[in-house]
file start-v7.cif (mmCIF, C-alpha atoms)
data_work
loop_
_atom_site.group_PDB
_atom_site.id
_atom_site.type_symbol
_atom_site.label_atom_id
_atom_site.label_comp_id
_atom_site.auth_asym_id
_atom_site.auth_seq_id
_atom_site.Cartn_x
_atom_site.Cartn_y
_atom_site.Cartn_z
ATOM 1 C CA VAL A 23 -26.233 -61.686 -28.119
ATOM 2 C CA ALA A 24 -29.055 -59.327 -27.082
ATOM 3 C CA TYR A 25 -32.778 -59.324 -26.455
ATOM 4 C CA PRO A 26 -35.142 -59.095 -29.477
ATOM 5 C CA SER A 27 -35.646 -55.506 -30.574
ATOM 6 C CA LEU A 28 -36.462 -53.548 -33.732
ATOM 7 C CA LYS A 29 -35.430 -50.190 -32.280
ATOM 8 C CA PRO A 30 -32.793 -47.990 -33.962
ATOM 9 C CA LEU A 31 -29.489 -47.722 -32.120
ATOM 10 C CA HIS A 32 -30.260 -44.513 -30.201
ATOM 11 C CA SER A 33 -33.603 -45.806 -28.885
ATOM 12 C CA TRP A 34 -32.145 -49.250 -28.225
ATOM 13 C CA LEU A 35 -29.371 -47.786 -26.064
ATOM 14 C CA LYS A 36 -31.886 -45.791 -24.008
ATOM 15 C CA ASP A 37 -33.985 -48.941 -23.605
ATOM 16 C CA LEU A 38 -30.931 -50.931 -22.520
ATOM 17 C CA LEU A 39 -30.028 -48.362 -19.848
ATOM 18 C CA ASP A 40 -33.619 -48.449 -18.567
ATOM 19 C CA ARG A 41 -33.438 -52.252 -18.284
ATOM 20 C CA LEU A 42 -30.202 -52.025 -16.305
ATOM 21 C CA SER A 43 -31.794 -49.411 -14.022
ATOM 22 C CA PHE A 44 -34.802 -51.710 -13.544
ATOM 23 C CA PHE A 45 -32.685 -54.582 -12.250
ATOM 24 C CA ASN A 46 -30.304 -52.343 -10.307
ATOM 25 C CA ALA A 47 -33.224 -50.765 -8.427
ATOM 26 C CA TRP A 48 -34.610 -54.248 -7.747
ATOM 27 C CA ILE A 49 -31.284 -55.318 -6.223
ATOM 28 C CA GLU A 50 -30.885 -52.178 -4.098
ATOM 29 C CA HIS A 51 -34.490 -51.625 -2.969
ATOM 30 C CA GLY A 52 -36.154 -55.018 -3.282
ATOM 31 C CA PRO A 53 -38.987 -56.146 -5.594
ATOM 32 C CA PRO A 54 -40.988 -53.254 -7.062
ATOM 33 C CA SER A 55 -44.729 -52.889 -6.464
ATOM 34 C CA VAL A 56 -45.275 -52.851 -10.240
ATOM 35 C CA TYR A 57 -43.037 -54.784 -12.627
ATOM 36 C CA TRP A 58 -41.914 -53.417 -15.963
ATOM 37 C CA LEU A 59 -42.718 -56.473 -18.090
ATOM 38 C CA SER A 60 -40.783 -55.111 -21.061
ATOM 39 C CA GLY A 61 -37.567 -55.046 -19.028
ATOM 40 C CA PHE A 62 -37.082 -58.807 -18.803
ATOM 41 C CA PHE A 63 -34.797 -60.742 -21.133
ATOM 42 C CA PHE A 64 -36.487 -64.106 -20.465
ATOM 43 C CA THR A 65 -39.993 -63.058 -19.489
ATOM 44 C CA GLN A 66 -41.349 -66.610 -19.282
ATOM 45 C CA SER A 67 -39.076 -67.367 -16.320
ATOM 46 C CA PHE A 68 -40.504 -64.376 -14.437
ATOM 47 C CA LEU A 69 -44.060 -65.551 -15.110
ATOM 48 C CA THR A 70 -43.174 -69.039 -13.900
ATOM 49 C CA ALA A 71 -41.623 -67.553 -10.738
ATOM 50 C CA ILE A 72 -44.875 -65.726 -9.941
ATOM 51 C CA LEU A 73 -46.760 -69.019 -10.188
ATOM 52 C CA GLN A 74 -44.107 -70.780 -8.076
ATOM 53 C CA ASN A 75 -44.380 -68.200 -5.286
ATOM 54 C CA TYR A 76 -48.146 -68.653 -5.204
ATOM 55 C CA ALA A 77 -47.849 -72.460 -5.290
ATOM 56 C CA ARG A 78 -45.423 -72.483 -2.345
ATOM 57 C CA LYS A 79 -47.493 -69.994 -0.346
ATOM 58 C CA TYR A 80 -50.701 -72.039 -0.626
ATOM 59 C CA LYS A 81 -49.067 -75.485 -1.027
ATOM 60 C CA ILE A 82 -50.558 -76.124 -4.462
ATOM 61 C CA ALA A 83 -48.858 -77.963 -7.314
ATOM 62 C CA ILE A 84 -47.711 -75.407 -9.888
ATOM 63 C CA ASP A 85 -49.187 -77.537 -12.681
ATOM 64 C CA GLU A 86 -52.639 -76.783 -11.232
ATOM 65 C CA LEU A 87 -52.223 -73.013 -11.605
ATOM 66 C CA VAL A 88 -52.964 -70.602 -14.426
ATOM 67 C CA PHE A 89 -53.088 -66.817 -14.685
ATOM 68 C CA THR A 90 -56.222 -64.725 -14.784
ATOM 69 C CA TYR A 91 -55.904 -61.120 -15.897
ATOM 70 C CA GLU A 92 -57.505 -57.983 -14.484
ATOM 71 C CA VAL A 93 -56.979 -54.628 -16.183
ATOM 72 C CA ARG A 94 -56.611 -51.954 -13.480
ATOM 73 C CA THR A 95 -57.583 -48.622 -14.980
ATOM 74 C CA ASP A 96 -57.807 -47.236 -11.438
ATOM 75 C CA LEU A 97 -54.056 -47.596 -10.898
ATOM 76 C CA GLY A 98 -50.968 -45.917 -12.312
ATOM 77 C CA ARG A 99 -52.468 -43.881 -15.136
ATOM 78 C CA ASP A 100 -49.570 -41.401 -15.036
ATOM 79 C CA LEU A 101 -47.077 -44.270 -14.864
ATOM 80 C CA VAL A 102 -48.453 -45.801 -18.057
ATOM 81 C CA LEU A 103 -49.086 -42.670 -20.093
ATOM 82 C CA ASN A 104 -45.774 -40.911 -19.355
ATOM 83 C CA TYR A 105 -43.790 -43.480 -21.303
ATOM 84 C CA ASN A 106 -41.078 -40.972 -22.241
ATOM 85 C CA ASP A 107 -39.847 -40.945 -18.627
ATOM 86 C CA THR A 108 -36.837 -43.096 -17.808
ATOM 87 C CA TYR A 109 -37.358 -46.067 -15.517
ATOM 88 C CA VAL A 110 -35.665 -44.247 -12.621
ATOM 89 C CA GLN A 111 -38.083 -41.324 -13.020
ATOM 90 C CA LYS A 112 -41.057 -43.698 -13.079
ATOM 91 C CA LEU A 113 -39.769 -45.466 -9.996
ATOM 92 C CA GLN A 114 -39.338 -42.249 -8.040
ATOM 93 C CA LYS A 115 -42.581 -40.548 -9.114
ATOM 94 C CA TYR A 116 -45.060 -43.406 -9.378
ATOM 95 C CA ILE A 117 -43.930 -46.948 -8.578
ATOM 96 C CA SER A 118 -42.538 -46.129 -5.118
ATOM 97 C CA THR A 119 -45.947 -44.767 -4.057
ATOM 98 C CA MET A 120 -47.907 -47.859 -5.094
ATOM 99 C CA LYS A 121 -48.618 -51.040 -3.156
ATOM 100 C CA ALA A 122 -48.103 -54.538 -4.545
ATOM 101 C CA PRO A 123 -51.064 -56.959 -4.573
ATOM 102 C CA GLU A 124 -51.331 -59.712 -1.972
ATOM 103 C CA ASP A 125 -50.965 -62.419 -4.641
ATOM 104 C CA GLY A 126 -49.664 -62.315 -8.178
ATOM 105 C CA CYS A 127 -48.202 -59.075 -9.513
ATOM 106 C CA TYR A 128 -48.941 -55.841 -11.325
ATOM 107 C CA VAL A 129 -47.217 -55.308 -14.672
ATOM 108 C CA PHE A 130 -46.968 -52.371 -17.057
ATOM 109 C CA GLY A 131 -45.183 -51.514 -20.293
ATOM 110 C CA LEU A 132 -47.517 -53.144 -22.825
ATOM 111 C CA TYR A 133 -48.893 -51.568 -26.012
ATOM 112 C CA LEU A 134 -51.887 -52.475 -28.146
ATOM 113 C CA ASP A 135 -51.285 -52.910 -31.863
ATOM 114 C CA GLY A 136 -54.441 -52.531 -33.950
ATOM 115 C CA ALA A 137 -56.697 -51.307 -31.141
ATOM 116 C CA ALA A 138 -56.802 -49.022 -28.096
ATOM 117 C CA TYR A 139 -58.106 -49.190 -24.548
ATOM 118 C CA ASP A 140 -61.026 -47.223 -23.150
ATOM 119 C CA TRP A 141 -59.922 -46.176 -19.651
ATOM 120 C CA GLN A 142 -63.384 -44.901 -18.734
ATOM 121 C CA GLU A 143 -65.333 -48.013 -19.701
ATOM 122 C CA ASN A 144 -62.461 -50.439 -19.000
ATOM 123 C CA LEU A 145 -62.936 -52.071 -22.392
ATOM 124 C CA LEU A 146 -60.966 -52.785 -25.532
ATOM 125 C CA CYS A 147 -61.917 -50.235 -28.202
ATOM 126 C CA THR A 148 -61.022 -49.260 -31.752
ATOM 127 C CA SER A 149 -58.016 -46.992 -32.119
ATOM 128 C CA LYS A 150 -58.207 -43.367 -33.224
ATOM 129 C CA PRO A 151 -57.440 -42.450 -36.853
ATOM 130 C CA LYS A 152 -53.701 -42.747 -37.621
ATOM 131 C CA GLN A 153 -53.037 -44.209 -34.155
ATOM 132 C CA LEU A 154 -50.777 -47.224 -34.624
ATOM 133 C CA PHE A 155 -50.183 -48.158 -30.989
ATOM 134 C CA ALA A 156 -51.881 -47.426 -27.674
ATOM 135 C CA PRO A 157 -50.583 -47.907 -24.106
ATOM 136 C CA VAL A 158 -52.267 -50.582 -22.002
ATOM 137 C CA PRO A 159 -53.224 -49.920 -18.356
ATOM 138 C CA ILE A 160 -51.595 -51.845 -15.524
ATOM 139 C CA ILE A 161 -52.585 -55.509 -15.606
ATOM 140 C CA TRP A 162 -52.894 -57.679 -12.515
ATOM 141 C CA LEU A 163 -51.590 -61.197 -13.163
ATOM 142 C CA LYS A 164 -53.501 -63.334 -10.663
ATOM 143 C CA PRO A 165 -52.643 -67.027 -10.235
ATOM 144 C CA VAL A 166 -55.682 -69.241 -9.726
ATOM 145 C CA ARG A 167 -56.284 -72.966 -9.521
ATOM 146 C CA ILE A 168 -57.395 -74.531 -12.784
ATOM 147 C CA SER A 169 -61.157 -74.966 -12.643
ATOM 148 C CA LYS A 170 -64.301 -73.971 -14.438
ATOM 149 C CA ASP A 171 -64.270 -70.810 -12.334
ATOM 150 C CA ALA A 172 -60.959 -69.798 -13.916
ATOM 151 C CA GLU A 173 -62.364 -69.987 -17.429
ATOM 152 C CA THR A 174 -63.606 -66.820 -19.088
ATOM 153 C CA SER A 175 -66.411 -66.547 -21.605
ATOM 154 C CA SER A 176 -65.170 -65.787 -25.112
ATOM 155 C CA THR A 177 -68.206 -63.529 -25.607
ATOM 156 C CA ASN A 178 -66.951 -61.085 -22.944
ATOM 157 C CA PHE A 179 -63.211 -61.257 -23.517
ATOM 158 C CA TYR A 180 -60.719 -61.107 -26.343
ATOM 159 C CA HIS A 181 -57.840 -63.543 -26.006
ATOM 160 C CA CYS A 182 -55.053 -61.178 -26.984
ATOM 161 C CA PRO A 183 -51.611 -62.569 -27.883
ATOM 162 C CA VAL A 184 -48.574 -60.765 -26.453
ATOM 163 C CA TYR A 185 -45.345 -60.466 -28.438
ATOM 164 C CA LYS A 186 -41.971 -58.934 -27.653
ATOM 165 C CA THR A 187 -41.736 -57.037 -30.963
ATOM 166 C CA SER A 188 -44.053 -55.970 -33.772
ATOM 167 C CA GLN A 189 -42.506 -58.608 -36.028
ATOM 168 C CA ARG A 190 -44.801 -61.128 -34.290
ATOM 169 C CA ALA A 191 -42.609 -63.985 -35.444
ATOM 170 C CA GLY A 192 -40.047 -66.026 -33.582
ATOM 171 C CA ALA A 193 -38.294 -69.353 -33.406
ATOM 172 C CA LEU A 194 -38.654 -72.155 -30.899
ATOM 173 C CA SER A 195 -35.721 -71.830 -28.480
ATOM 174 C CA THR A 196 -33.920 -74.620 -26.643
ATOM 175 C CA THR A 197 -36.069 -73.888 -23.571
ATOM 176 C CA GLY A 198 -39.191 -74.826 -25.507
ATOM 177 C CA HIS A 199 -40.456 -71.230 -25.599
ATOM 178 C CA SER A 200 -40.903 -68.914 -28.548
ATOM 179 C CA THR A 201 -38.328 -66.162 -28.941
ATOM 180 C CA ASN A 202 -41.141 -63.643 -29.566
ATOM 181 C CA TYR A 203 -44.547 -64.867 -28.350
ATOM 182 C CA LEU A 204 -45.028 -64.519 -24.572
ATOM 183 C CA MET A 205 -48.576 -65.364 -23.540
ATOM 184 C CA THR A 206 -52.255 -64.713 -24.210
ATOM 185 C CA VAL A 207 -54.056 -62.132 -22.057
ATOM 186 C CA THR A 208 -57.846 -61.841 -21.790
ATOM 187 C CA LEU A 209 -59.080 -58.282 -22.306
ATOM 188 C CA PRO A 210 -62.691 -57.218 -21.630
ATOM 189 C CA THR A 211 -64.677 -56.175 -24.693
ATOM 190 C CA ASP A 212 -68.236 -55.437 -25.751
ATOM 191 C CA LYS A 213 -67.581 -56.766 -29.260
ATOM 192 C CA THR A 214 -67.172 -60.304 -30.551
ATOM 193 C CA GLU A 215 -63.754 -61.905 -30.464
ATOM 194 C CA GLN A 216 -63.932 -62.344 -34.245
ATOM 195 C CA PHE A 217 -64.077 -58.548 -34.610
ATOM 196 C CA TRP A 218 -60.631 -58.169 -33.024
ATOM 197 C CA ILE A 219 -59.165 -61.242 -34.725
ATOM 198 C CA LEU A 220 -59.980 -59.792 -38.156
ATOM 199 C CA ARG A 221 -58.186 -56.593 -37.114
ATOM 200 C CA GLY A 222 -55.118 -58.568 -36.053
ATOM 201 C CA VAL A 223 -55.080 -57.039 -32.587
ATOM 202 C CA ALA A 224 -52.142 -57.987 -30.366
ATOM 203 C CA MET A 225 -50.073 -56.548 -27.537
ATOM 204 C CA LEU A 226 -46.370 -55.711 -27.708
ATOM 205 C CA THR A 227 -43.832 -55.269 -24.932
ATOM 206 C CA GLN A 228 -41.919 -52.624 -26.883
ATOM 207 C CA LEU A 229 -42.339 -50.254 -29.798
ATOM 208 C CA ASP A 230 -40.061 -49.927 -32.822
ATOM 209 C CA SER A 231 -39.104 -46.337 -32.039
#

call {"tool": "encode", "arguments": {"input": "start-v7.cif", "output": "structure tokens"}}
result
Amino acid sequence: VAYPSLKPLHSWLKDLLDRLSFFNAWIEHGPPSVYWLSGFFFTQSFLTAILQNYARKYKIAIDELVFTYEVRTDLGRDLVLNYNDTYVQKLQKYISTMKAPEDGCYVFGLYLDGAAYDWQENLLCTSKPKQLFAPVPIIWLKPVRISKDAETSSTNFYHCPVYKTSQRAGALSTTGHSTNYLMTVTLPTDKTEQFWILRGVAMLTQLDS
């Protein structure tokens, strides 16, 4: 039994060692300032825990909370773009120098499939020729109370699905969650949502190589 992955054996083994390093560093040094979202086996439980911490802190029922998403192009550019580094190297060079947000969490390790991200304009953009995948900047997962204020206009955001692998297909597990689909993240865009839907744009937590 292992986590979903389409990587060949060599890449899978490197990925496995990085995941072990991720949790080992967490145990020895405490929660990181930025979480490697790809490193979790059951990511939904981590997302629920973030909401639970916020609910307990502000004494709000967890059922009244949802996530809002803020792409932080001003943080961790080297952390995101140097994806050939091992997790330990990333921790020592980048993560250890960053500060966690007051509420919610920062996450990294996502890739866009079918599009890219404009770091200058902080917008979803079309990918370069022959570019299959593009790294996504750090995203701030911010819990907020369900209200009209928490809703985002579909004309300014693309509701981007997030999958564990490029297969984009999974089964319903005994926990009631998909074995592949994770969540839907809103990404800022200057194009219509239909434009990105027709391109089949999604985010992945890991690549096939």

call {"tool": "residues_around", "arguments": {"input": "start-v7.cif", "residues": "segment 121-138 of chain A", "least_positions_apart": "3", "cutoff": "6 Å", "atoms": "all atoms listed in the file", "output": "MDAnalysis selection string"}}
result
chainID A and resid 55:60 147:149 155:158 160:165 223:227

call {"tool": "residues_near_point", "arguments": {"input": "start-v7.cif", "point": "(-38.1, -66.4, -20.2)", "cutoff": "12 Å", "atoms": "only C-alpha atoms", "output": "PDB file with C-alpha atoms, keeping the file's coordinate frame"}}
result
ATOM      1  CA  TYR A  25     -32.778 -59.324 -26.455  1.00  0.00           C
ATOM      2  CA  LEU A  59     -42.718 -56.473 -18.090  1.00  0.00           C
ATOM      3  CA  SER A  60     -40.783 -55.111 -21.061  1.00  0.00           C
ATOM      4  CA  GLY A  61     -37.567 -55.046 -19.028  1.00  0.00           C
ATOM      5  CA  PHE A  62     -37.082 -58.807 -18.803  1.00  0.00           C
ATOM      6  CA  PHE A  63     -34.797 -60.742 -21.133  1.00  0.00           C
ATOM      7  CA  PHE A  64     -36.487 -64.106 -20.465  1.00  0.00           C
ATOM      8  CA  THR A  65     -39.993 -63.058 -19.489  1.00  0.00           C
ATOM      9  CA  GLN A  66     -41.349 -66.610 -19.282  1.00  0.00           C
ATOM     10  CA  SER A  67     -39.076 -67.367 -16.320  1.00  0.00           C
ATOM     11  CA  PHE A  68     -40.504 -64.376 -14.437  1.00  0.00           C
ATOM     12  CA  LEU A  69     -44.060 -65.551 -15.110  1.00  0.00           C
ATOM     13  CA  THR A  70     -43.174 -69.039 -13.900  1.00  0.00           C
ATOM     14  CA  ALA A  71     -41.623 -67.553 -10.738  1.00  0.00           C
ATOM     15  CA  LYS A 186     -41.971 -58.934 -27.653  1.00  0.00           C
ATOM     16  CA  SER A 195     -35.721 -71.830 -28.480  1.00  0.00           C
ATOM     17  CA  THR A 196     -33.920 -74.620 -26.643  1.00  0.00           C
ATOM     18  CA  THR A 197     -36.069 -73.888 -23.571  1.00  0.00           C
ATOM     19  CA  GLY A 198     -39.191 -74.826 -25.507  1.00  0.00           C
ATOM     20  CA  HIS A 199     -40.456 -71.230 -25.599  1.00  0.00           C
ATOM     21  CA  SER A 200     -40.903 -68.914 -28.548  1.00  0.00           C
ATOM     22  CA  THR A 201     -38.328 -66.162 -28.941  1.00  0.00           C
ATOM     23  CA  ASN A 202     -41.141 -63.643 -29.566  1.00  0.00           C
ATOM     24  CA  TYR A 203     -44.547 -64.867 -28.350  1.00  0.00           C
ATOM     25  CA  LEU A 204     -45.028 -64.519 -24.572  1.00  0.00           C
ATOM     26  CA  MET A 205     -48.576 -65.364 -23.540  1.00  0.00           C
TER      27      MET A 205
END

call {"tool": "atom_distance", "arguments": {"input": "start-v7.cif", "atom1": "atom CA of Arg190 of chain A", "atom2": "atom CA of Thr206 of chain A"}}
result
13.0 Å

call {"tool": "closest_residue", "arguments": {"input": "start-v7.cif", "among": "A:Tyr91, A:Leu146, A:Pro159, A:Glu86", "to": "Leu103 of chain A", "atoms": "all atoms listed in the file"}}
result
A:Pro159

call {"tool": "closest_residue", "arguments": {"input": "start-v7.cif", "among": "A:Val102, A:Val93, A:Leu42, A:Leu113", "to": "Leu209 of chain A", "atoms": "all atoms listed in the file"}}
result
A:Val93

call {"tool": "closest_residue", "arguments": {"input": "start-v7.cif", "among": "A:Ser27, A:Gln228, A:Gln111, A:Asn144", "to": "Glu92 of chain A", "atoms": "all atoms listed in the file"}}
result
A:Asn144

call {"tool": "atom_distance", "arguments": {"input": "start-v7.cif", "atom1": "atom CA of Asp40 of chain A", "atom2": "atom CA of Tyr139 of chain A"}}
result
25.2 Å

call {"tool": "residues_around", "arguments": {"input": "start-v7.cif", "residues": "Leu145 of chain A", "least_positions_apart": "5", "cutoff": "6 Å", "atoms": "all atoms listed in the file", "output": "PDB file with C-alpha atoms, in the frame of the given file"}}
result
ATOM      1  CA  ASP A 140     -61.026 -47.223 -23.150  1.00  0.00           C
ATOM      2  CA  PRO A 210     -62.691 -57.218 -21.630  1.00  0.00           C
ATOM      3  CA  THR A 211     -64.677 -56.175 -24.693  1.00  0.00           C
TER       4      THR A 211
END

call {"tool": "atom_distance", "arguments": {"input": "start-v7.cif", "atom1": "atom CA of Asp230 of chain A", "atom2": "atom CA of Leu28 of chain A"}}
result
5.2 Å

call {"tool": "resolve_selection", "arguments": {"input": "start-v7.cif", "expression": "the PyMOL selection byres ((chain A and resi 29) around 12)", "output": "list in words"}}
result
Tyr25, Pro26, Ser27, Leu28, Pro30, Leu31, His32, Ser33, Trp34, Leu35, Lys36, Asp37, Leu38, Lys186, Thr187, Ser188, Gln189, Gln228, Leu229, Asp230 and Ser231 of chain A

call {"tool": "resolve_selection", "arguments": {"input": "start-v7.cif", "expression": "the PyMOL selection byres ((chain A and resi 207) around 6)", "output": "PDB file with C-alpha atoms, in the frame of the given file"}}
result
ATOM      1  CA  HIS A 181     -57.840 -63.543 -26.006  1.00  0.00           C
ATOM      2  CA  CYS A 182     -55.053 -61.178 -26.984  1.00  0.00           C
ATOM      3  CA  THR A 206     -52.255 -64.713 -24.210  1.00  0.00           C
ATOM      4  CA  THR A 208     -57.846 -61.841 -21.790  1.00  0.00           C
TER       5      THR A 208
END

call {"tool": "closest_residue", "arguments": {"input": "start-v7.cif", "among": "A:Leu154, A:Ala83, A:Ala193, A:Val110", "to": "Val166 of chain A", "atoms": "all atoms listed in the file"}}
result
A:Ala83
